[in-house]
>>> print(open('final-v8.cif').read())   # mmCIF, C-alpha atoms and all ligand atoms
data_data
#
loop_
_atom_site.label_atom_id
_atom_site.label_comp_id
_atom_site.auth_asym_id
_atom_site.auth_seq_id
_atom_site.Cartn_x
_atom_site.Cartn_y
_atom_site.Cartn_z
CA MET W 179 -75.92 102.80 -102.09
CA HIS W 180 -74.04 100.93 -99.36
CA LEU W 181 -73.31 97.22 -99.71
CA LEU W 182 -72.57 94.74 -96.91
CA ILE W 183 -70.96 91.41 -97.85
CA PRO W 184 -71.22 88.61 -95.25
CA ALA W 185 -67.96 86.70 -95.73
CA ALA W 186 -67.28 85.32 -92.25
CA GLY W 187 -68.39 81.72 -92.78
CA SER W 188 -66.35 78.55 -92.47
CA GLY W 189 -67.47 76.53 -95.49
CA ARG W 190 -68.51 73.47 -93.46
CA ARG W 191 -70.75 72.08 -96.24
CA MET W 192 -67.92 72.59 -98.73
CA GLY W 193 -65.81 70.30 -96.56
CA SER W 194 -63.13 72.95 -96.79
CA GLN W 195 -60.32 73.48 -94.27
CA ARG W 196 -60.67 77.25 -94.67
CA ASN W 197 -63.20 79.90 -95.57
CA LYS W 198 -64.62 78.73 -98.93
CA LEU W 199 -64.53 82.35 -100.19
CA LEU W 200 -60.75 81.95 -100.41
CA LEU W 201 -61.03 78.92 -102.72
CA THR W 202 -60.27 79.76 -106.32
CA LEU W 203 -62.51 79.82 -109.38
CA LEU W 204 -60.65 80.24 -112.67
CA SER W 205 -57.55 81.22 -110.64
CA LYS W 206 -59.28 83.96 -108.65
CA PRO W 207 -60.68 83.65 -105.11
CA LEU W 208 -64.49 83.43 -104.89
CA LEU W 209 -64.62 86.70 -102.98
CA SER W 210 -62.72 88.41 -105.75
CA TRP W 211 -65.52 87.63 -108.26
CA THR W 212 -68.16 88.99 -105.87
CA LEU W 213 -66.18 92.19 -105.31
CA ALA W 214 -65.54 92.69 -109.03
CA ALA W 215 -69.32 92.67 -109.70
CA ALA W 216 -69.90 95.14 -106.84
CA GLU W 217 -67.18 97.41 -108.20
CA ALA W 218 -68.80 97.32 -111.67
CA SER W 219 -72.24 98.27 -110.30
CA GLN W 220 -73.17 101.89 -111.00
CA HIS W 221 -75.15 102.32 -107.79
CA ILE W 222 -72.85 100.88 -105.15
CA SER W 223 -70.62 103.52 -103.60
CA TRP W 224 -69.31 101.86 -100.41
CA ILE W 225 -68.55 98.21 -99.54
CA GLY W 226 -68.31 96.62 -96.09
CA ILE W 227 -67.00 93.05 -95.83
CA MET W 228 -67.74 91.04 -92.67
CA GLY W 229 -65.04 88.45 -92.08
CA GLN W 230 -63.22 86.53 -89.37
CA PRO W 231 -60.05 88.42 -88.35
CA ASP W 232 -57.89 85.37 -89.27
CA ASP W 233 -58.99 85.85 -92.89
CA PHE W 234 -58.27 89.58 -93.02
CA PRO W 235 -54.70 89.19 -94.38
CA ASP W 236 -56.12 87.16 -97.31
CA PHE W 237 -58.97 89.66 -97.81
CA LYS W 238 -56.42 92.51 -97.88
CA ALA W 239 -54.38 90.66 -100.51
CA ILE W 240 -57.53 90.22 -102.65
CA LEU W 241 -58.35 93.92 -102.30
CA SER W 242 -54.83 94.92 -103.19
CA ASP W 243 -54.96 92.73 -106.34
CA LEU W 244 -58.29 94.22 -107.40
CA SER W 245 -57.33 97.88 -106.71
CA LEU W 246 -60.97 98.88 -106.27
CA VAL W 247 -61.93 102.52 -106.72
CA LYS W 248 -64.77 102.23 -104.18
CA PRO W 249 -64.04 102.52 -100.44
CA VAL W 250 -63.98 99.15 -98.67
CA GLU W 251 -64.10 98.48 -94.94
CA LEU W 252 -63.31 95.18 -93.20
CA ILE W 253 -65.70 94.47 -90.32
CA GLN W 254 -65.43 91.69 -87.75
CA GLY W 255 -68.03 88.98 -88.47
CA GLY W 256 -69.99 86.93 -85.93
CA ALA W 257 -70.65 83.28 -85.17
CA THR W 258 -73.66 83.16 -87.54
CA ARG W 259 -74.59 84.96 -90.75
CA GLN W 260 -77.25 86.81 -88.75
CA GLU W 261 -74.62 88.08 -86.27
CA SER W 262 -72.26 89.04 -89.09
CA VAL W 263 -74.96 91.17 -90.71
CA TYR W 264 -75.78 92.71 -87.32
CA ASN W 265 -72.12 93.74 -86.94
CA GLY W 266 -72.11 95.10 -90.49
CA LEU W 267 -75.16 97.25 -89.80
CA GLN W 268 -73.44 98.79 -86.75
CA ALA W 269 -70.40 99.63 -88.89
CA LEU W 270 -72.30 101.44 -91.67
CA PRO W 271 -71.42 105.13 -92.10
CA PRO W 272 -74.03 107.44 -90.46
CA ASN W 273 -75.28 108.66 -93.87
CA ALA W 274 -76.32 105.13 -94.99
CA ASP W 275 -80.13 105.14 -95.24
CA ARG W 276 -80.56 102.09 -97.49
CA VAL W 277 -78.36 99.01 -97.66
CA LEU W 278 -77.92 96.01 -99.92
CA ILE W 279 -76.68 92.79 -98.32
CA HIS W 280 -75.08 90.21 -100.57
CA ASP W 281 -73.51 86.87 -99.62
CA GLY W 282 -69.84 86.69 -100.54
CA ALA W 283 -70.61 83.10 -101.56
CA ARG W 284 -72.94 84.26 -104.37
CA CYS W 285 -69.99 85.08 -106.54
CA LEU W 286 -71.84 84.91 -109.89
CA ALA W 287 -74.22 87.82 -109.24
CA THR W 288 -73.87 90.41 -111.99
CA ALA W 289 -73.41 94.18 -111.70
CA GLU W 290 -76.81 94.49 -113.44
CA LEU W 291 -78.44 92.52 -110.61
CA PHE W 292 -76.92 94.89 -108.03
CA ASP W 293 -78.17 97.86 -110.04
CA ARG W 294 -81.68 96.43 -110.50
CA SER W 295 -81.88 95.81 -106.73
CA ALA W 296 -80.53 99.26 -105.84
CA GLU W 297 -83.06 100.95 -108.14
CA ALA W 298 -85.96 98.90 -106.74
CA LEU W 299 -84.90 99.75 -103.19
CA LEU W 300 -85.66 103.42 -103.86
CA THR W 301 -89.37 102.52 -104.06
CA CYS W 302 -89.87 100.05 -101.17
CA PRO W 303 -88.63 99.51 -97.60
CA GLY W 304 -87.39 95.96 -98.13
CA LEU W 305 -86.71 93.56 -100.99
CA ILE W 306 -85.13 90.27 -101.91
CA VAL W 307 -83.89 88.96 -105.18
CA ALA W 308 -85.53 85.58 -105.86
CA VAL W 309 -86.30 83.12 -108.64
CA PRO W 310 -89.39 80.95 -109.15
CA VAL W 311 -88.89 77.43 -107.76
CA LYS W 312 -88.48 74.81 -110.50
CA ASP W 313 -88.88 71.66 -108.40
CA THR W 314 -92.00 70.34 -106.73
CA ILE W 315 -91.44 70.99 -103.03
CA LYS W 316 -92.58 68.59 -100.30
CA VAL W 317 -93.19 69.40 -96.65
CA VAL W 318 -91.93 66.40 -94.67
CA ASP W 319 -92.31 65.40 -91.00
CA GLU W 320 -89.63 64.02 -88.67
CA ARG W 321 -90.33 60.45 -89.90
CA ARG W 322 -89.73 61.59 -93.48
CA ILE W 323 -93.39 61.21 -94.38
CA VAL W 324 -94.61 63.79 -96.87
CA ARG W 325 -97.21 66.02 -95.25
CA ASP W 326 -97.89 68.60 -97.92
CA THR W 327 -97.14 69.72 -101.47
CA PRO W 328 -97.35 73.54 -101.56
CA GLU W 329 -98.63 75.20 -104.72
CA ARG W 330 -95.46 75.79 -106.73
CA SER W 331 -96.59 79.05 -108.31
CA ASN W 332 -96.41 80.64 -104.82
CA LEU W 333 -92.84 79.47 -104.16
CA TRP W 334 -89.74 81.56 -104.86
CA ALA W 335 -86.16 80.65 -103.94
CA ALA W 336 -84.53 83.48 -101.99
CA GLN W 337 -81.19 84.81 -103.15
CA THR W 338 -79.17 87.90 -102.37
CA PRO W 339 -78.84 90.87 -102.81
CA GLN W 340 -81.47 91.69 -100.22
CA GLY W 341 -82.08 95.38 -99.58
CA PHE W 342 -83.63 97.38 -96.74
CA GLU W 343 -84.06 100.77 -95.15
CA VAL W 344 -81.21 100.76 -92.63
CA LYS W 345 -83.25 102.14 -89.72
CA LEU W 346 -85.95 99.46 -90.13
CA LEU W 347 -83.52 96.58 -90.59
CA LYS W 348 -81.57 97.63 -87.50
CA GLN W 349 -84.81 97.61 -85.49
CA CYS W 350 -85.68 94.13 -86.84
CA HIS W 351 -82.23 92.78 -85.92
CA GLU W 352 -82.55 94.25 -82.39
CA GLU W 353 -85.98 92.67 -81.97
CA GLY W 354 -84.62 89.36 -83.28
CA ARG W 355 -81.81 89.42 -80.71
CA GLN W 356 -84.20 90.23 -77.87
CA LYS W 357 -86.61 87.46 -78.87
CA GLY W 358 -83.96 84.88 -79.79
CA TRP W 359 -85.05 84.54 -83.44
CA GLU W 360 -82.59 82.55 -85.56
CA VAL W 361 -82.98 83.13 -89.29
CA THR W 362 -81.00 82.37 -92.42
CA ASP W 363 -81.70 85.64 -94.20
CA ASP W 364 -82.49 89.26 -93.33
CA ALA W 365 -85.86 89.24 -95.07
CA ALA W 366 -87.05 86.69 -92.48
CA LEU W 367 -86.48 89.27 -89.72
CA PHE W 368 -88.38 91.89 -91.72
CA GLU W 369 -91.25 89.40 -92.22
CA LYS W 370 -91.36 88.45 -88.54
CA CYS W 371 -91.70 92.15 -87.69
CA GLY W 372 -94.69 92.40 -90.06
CA LEU W 373 -92.89 94.53 -92.65
CA PRO W 374 -93.38 94.01 -96.41
CA VAL W 375 -90.64 92.41 -98.51
CA GLN W 376 -90.81 92.96 -102.28
CA ILE W 377 -89.56 90.36 -104.77
CA VAL W 378 -87.10 91.44 -107.46
CA GLU W 379 -86.50 88.91 -110.23
CA GLY W 380 -83.14 87.23 -109.63
CA GLU W 381 -80.74 85.32 -111.88
CA GLU W 382 -80.81 81.56 -112.26
CA THR W 383 -77.01 81.57 -112.34
CA ASN W 384 -76.81 83.47 -109.03
CA LEU W 385 -76.14 80.29 -107.07
CA LYS W 386 -74.68 80.23 -103.59
CA VAL W 387 -71.47 78.24 -103.67
CA THR W 388 -72.21 75.86 -100.79
CA THR W 389 -71.02 72.35 -101.77
CA PRO W 390 -68.27 71.07 -104.12
CA VAL W 391 -70.86 70.57 -106.88
CA ASP W 392 -71.71 74.29 -106.71
CA LEU W 393 -68.04 75.11 -107.15
CA ALA W 394 -67.89 73.01 -110.33
CA LEU W 395 -71.11 74.60 -111.65
CA ALA W 396 -69.85 78.11 -110.88
CA GLU W 397 -66.62 77.40 -112.72
CA PHE W 398 -68.58 76.16 -115.75
CA ILE W 399 -70.78 79.29 -115.79
CA LEU W 400 -67.81 81.64 -115.43
CA ARG W 401 -65.95 79.86 -118.22
CA GLN W 402 -68.99 80.29 -120.50
CA ARG W 403 -69.16 83.99 -119.64
CA THR W 404 -65.47 84.47 -120.34
CA GLU W 405 -65.85 82.70 -123.71
CA GLN W 406 -68.89 84.82 -124.62
CA SER W 407 -67.11 88.08 -123.81
CA LYS W 408 -64.21 87.26 -126.20
N1 LIG W 501 -70.81 83.36 -89.29
C1 LIG W 501 -71.06 83.59 -90.58
C2 LIG W 501 -71.53 82.54 -91.43
C3 LIG W 501 -71.71 82.81 -92.78
N2 LIG W 501 -71.42 84.03 -93.26
C4 LIG W 501 -71.53 84.31 -94.70
O1 LIG W 501 -72.86 84.14 -95.13
C5 LIG W 501 -72.90 83.70 -96.49
C6 LIG W 501 -73.83 82.50 -96.66
O2 LIG W 501 -73.42 81.49 -95.76
P1 LIG W 501 -73.04 79.99 -96.14
O3 LIG W 501 -73.12 79.75 -97.58
O4 LIG W 501 -73.78 79.10 -95.21
O5 LIG W 501 -71.47 80.01 -95.79
P2 LIG W 501 -70.66 79.21 -94.71
O6 LIG W 501 -71.18 79.54 -93.35
O7 LIG W 501 -69.23 79.48 -95.00
O8 LIG W 501 -70.97 77.70 -95.11
P3 LIG W 501 -71.45 76.49 -94.18
O9 LIG W 501 -72.82 76.88 -93.64
O10 LIG W 501 -71.49 75.32 -95.10
O11 LIG W 501 -70.41 76.36 -93.09
C7 LIG W 501 -71.45 83.37 -96.89
O12 LIG W 501 -70.98 84.37 -97.76
C8 LIG W 501 -70.72 83.33 -95.56
O13 LIG W 501 -69.36 83.73 -95.63
C9 LIG W 501 -71.00 85.06 -92.42
O14 LIG W 501 -70.76 86.17 -92.86
N3 LIG W 501 -70.84 84.82 -91.08
C1 LIG W 502 -79.37 84.54 -97.62
C2 LIG W 502 -79.44 83.27 -98.41
O1 LIG W 502 -78.35 83.19 -99.31
C3 LIG W 502 -80.70 83.31 -99.25
O2 LIG W 502 -80.75 82.16 -100.05
C4 LIG W 502 -79.43 82.06 -97.55
O3 LIG W 502 -80.58 82.05 -96.75
C5 LIG W 502 -78.20 81.92 -96.70
O4 LIG W 502 -78.38 80.77 -95.91
P1 LIG W 502 -77.24 79.83 -95.37
O5 LIG W 502 -77.91 78.94 -94.38
O6 LIG W 502 -76.24 80.74 -94.75
O7 LIG W 502 -76.74 79.05 -96.53
#
>>> encode(input="final-v8.cif", output="structure tokens")
Amino acid sequence: MHLLIPAAGSGRRMGSQRNKLLLTLLSKPLLSWTLAAAEASQHISWIGIMGQPDDFPDFKAILSDLSLVKPVELIQGGATRQESVYNGLQALPPNADRVLIHDGARCLATAELFDRSAEALLTCPGLIVAVPVKDTIKVVDERRIVRDTPERSNLWAAQTPQGFEVKLLKQCHEEGRQKGWEVTDDAALFEKCGLPVQIVEGEETNLKVTTPVDLALAEFILRQRTEQSK
């Protein structure tokens, strides 16, 4: 199974001067944790990382430290996550028929989660890893007046990995570009094209490191894991 890792962001919400994936967690860059889980997955056989060329020297240093057995390709990212994934899809080897896409910023995803997603992708054209929403969600208008309270049992918080048949996802991205759709995940393009997206149970700890609080939480979770594995 091929894996694409969007890693070309800027970390604006982190308030960071550089790509947040280069910030360290327990002395290792965020991206390093994500790659270590991908390397440990039984099903992933090829990894493509979409990044900004300025970050490539740092990415190469991370790869050299990790000495991964799996082949890794660095791919130029775009101005948005959507564009970065588009570029990644164009760079997949011709034999890639199914692909997992996983945010570099979700650095706590486990190898088991990659494997569960890869296995599920053999039985459906598109899937996302997600967890049931714990909060009560409000729909609010521009004046910050609550307009609706959707039934919580129907709400799931989308995570990555997200997985798709390559041919279909490429078509959805092309249609999105033609029609000017702007989305925050690949499943949204699949949905807009009327294609089914299956839910695979995610991990509560699979947070996306977005703000400084997430960084502190991620460090806490990793420390617990390290303690437990002793
Ligand atoms: N042009 C972009 C923007 C984002 N990403 C990647 O998409 C994932 C999710 O994006 P997000 O958490 O929003 O990362 P940033 O864009 O870095 O953060 P921010 O939106 O706060 O600037 C990250 O792994 C990020 O590197 C990407 O590949 N290309
Ligand atoms: C793909 C994603 O991680 C699913 O939760 C999320 O949509 C990425 O969105 P962001 O706007 O780039 O944070």
>>> closest_atom_pairs(input="final-v8.cif", of="chain W", to="ligand LIG 502 (chain W)", cutoff="10 Å", atoms="only C-alpha atoms and all ligand atoms", output="tab-separated table")
residue	atom	partner	partner_atom	distance
W:Pro184	CA	W:LIG502	O6	9.3
W:Gly187	CA	W:LIG502	O6	8.2
W:Gly189	CA	W:LIG502	O7	9.7
W:Arg191	CA	W:LIG502	O7	9.2
W:Thr258	CA	W:LIG502	O6	8.0
W:Arg259	CA	W:LIG502	O6	6.0
W:Gln260	CA	W:LIG502	O6	8.6
W:Ile279	CA	W:LIG502	C1	8.7
W:His280	CA	W:LIG502	C1	7.7
W:Asp281	CA	W:LIG502	O1	6.1
W:Gly282	CA	W:LIG502	O1	9.3
W:Ala283	CA	W:LIG502	O1	8.1
W:Arg284	CA	W:LIG502	O1	7.5
W:Ile306	CA	W:LIG502	C3	8.7
W:Val307	CA	W:LIG502	C3	8.8
W:Ala308	CA	W:LIG502	O2	8.3
W:Ala335	CA	W:LIG502	O2	6.8
W:Ala336	CA	W:LIG502	O2	4.4
W:Gln337	CA	W:LIG502	O2	4.1
W:Thr338	CA	W:LIG502	O1	5.7
W:Pro339	CA	W:LIG502	C1	8.2
W:Gln340	CA	W:LIG502	C1	7.9
W:Val361	CA	W:LIG502	O3	7.9
W:Thr362	CA	W:LIG502	O3	4.4
W:Asp363	CA	W:LIG502	C1	4.3
W:Asp364	CA	W:LIG502	C1	7.1
W:Ala365	CA	W:LIG502	C1	8.4
W:Ala366	CA	W:LIG502	O3	9.0
W:Asn384	CA	W:LIG502	O1	9.8
W:Leu385	CA	W:LIG502	O1	8.6
W:Lys386	CA	W:LIG502	O1	6.4
W:Val387	CA	W:LIG502	O7	8.9
W:Thr388	CA	W:LIG502	O7	7.0
>>> closest_residue(input="final-v8.cif", among="W:Asp392, W:Asp326, W:Glu381, W:Glu405", to="ligand LIG 501 (chain W)", atoms="all atoms listed in the file")
W:Asp392
>>> closest_residue(input="final-v8.cif", among="W:Val263, W:Val250, W:Leu400, W:Leu270", to="W:Leu367", atoms="only C-alpha atoms")
W:Val263
>>> atom_distance(input="final-v8.cif", atom1="atom CA of W:Arg276", atom2="atom CA of W:Val344")
5.1 Å
>>> closest_residue(input="final-v8.cif", among="W:Phe234, W:Phe368, W:Phe292, W:Phe398", to="W:Ile222", atoms="all atoms listed in the file")
W:Phe292
>>> closest_residue(input="final-v8.cif", among="W:Asn332, W:Asn197, W:Thr202, W:Ser407", to="W:Leu393", atoms="only C-alpha atoms")
W:Thr202
>>> residues_around(input="final-v8.cif", residues="W:Gln376", least_positions_apart="2", cutoff="9 Å", atoms="all atoms listed in the file", output="ChimeraX atom specification")
/W:298,302-307,374,378
>>> closest_residue(input="final-v8.cif", among="W:Ala269, W:His221, W:Lys408, W:Leu346", to="W:Leu300", atoms="only C-alpha atoms")
W:His221
>>> closest_residue(input="final-v8.cif", among="W:Val247, W:Ala274, W:Ala185, W:Ala216", to="W:Leu200", atoms="all atoms listed in the file")
W:Ala185
>>> axis_aligned_box(input="final-v8.cif", around="stretch 335-347 of chain W", padding_each_side="3 Å", output="JSON")
{"center_x": -82.5, "center_y": 91.4, "center_z": -96.8, "size_x": 13.3, "size_y": 27.5, "size_z": 20.2}
>>> residues_around(input="final-v8.cif", residues="W:Lys248", least_positions_apart="4", cutoff="7 Å", atoms="only C-alpha atoms", output="ChimeraX atom specification")
/W:217,223-224
>>> residues_near_point(input="final-v8.cif", point="(-57.4, 96.1, -101.8)", cutoff="12 Å", atoms="all atoms listed in the file", output="ChimeraX atom specification")
/W:209-210,213-214,217,225,227,234-252
>>> residues_around(input="final-v8.cif", residues="W:Gln268", least_positions_apart="3", cutoff="10 Å", atoms="all atoms listed in the file", output="ChimeraX atom specification")
/W:253,263-265,271-272,344,348
>>> atom_distance(input="final-v8.cif", atom1="atom CA of W:Lys357", atom2="atom CA of W:Leu267")
18.6 Å
>>> atom_distance(input="final-v8.cif", atom1="atom CA of W:Ala287", atom2="atom CA of W:Val311")
18.0 Å
>>> residues_around(input="final-v8.cif", residues="W:Ala186", least_positions_apart="5", cutoff="6 Å", atoms="all atoms listed in the file", output="number ranges by chain")
W: 228-230, 255
>>> residues_around(input="final-v8.cif", residues="W:Thr327", least_positions_apart="6", cutoff="12 Å", atoms="all atoms listed in the file", output="JSON, numbers by chain")
{"W": [313, 314, 315, 316, 317, 318, 333]}
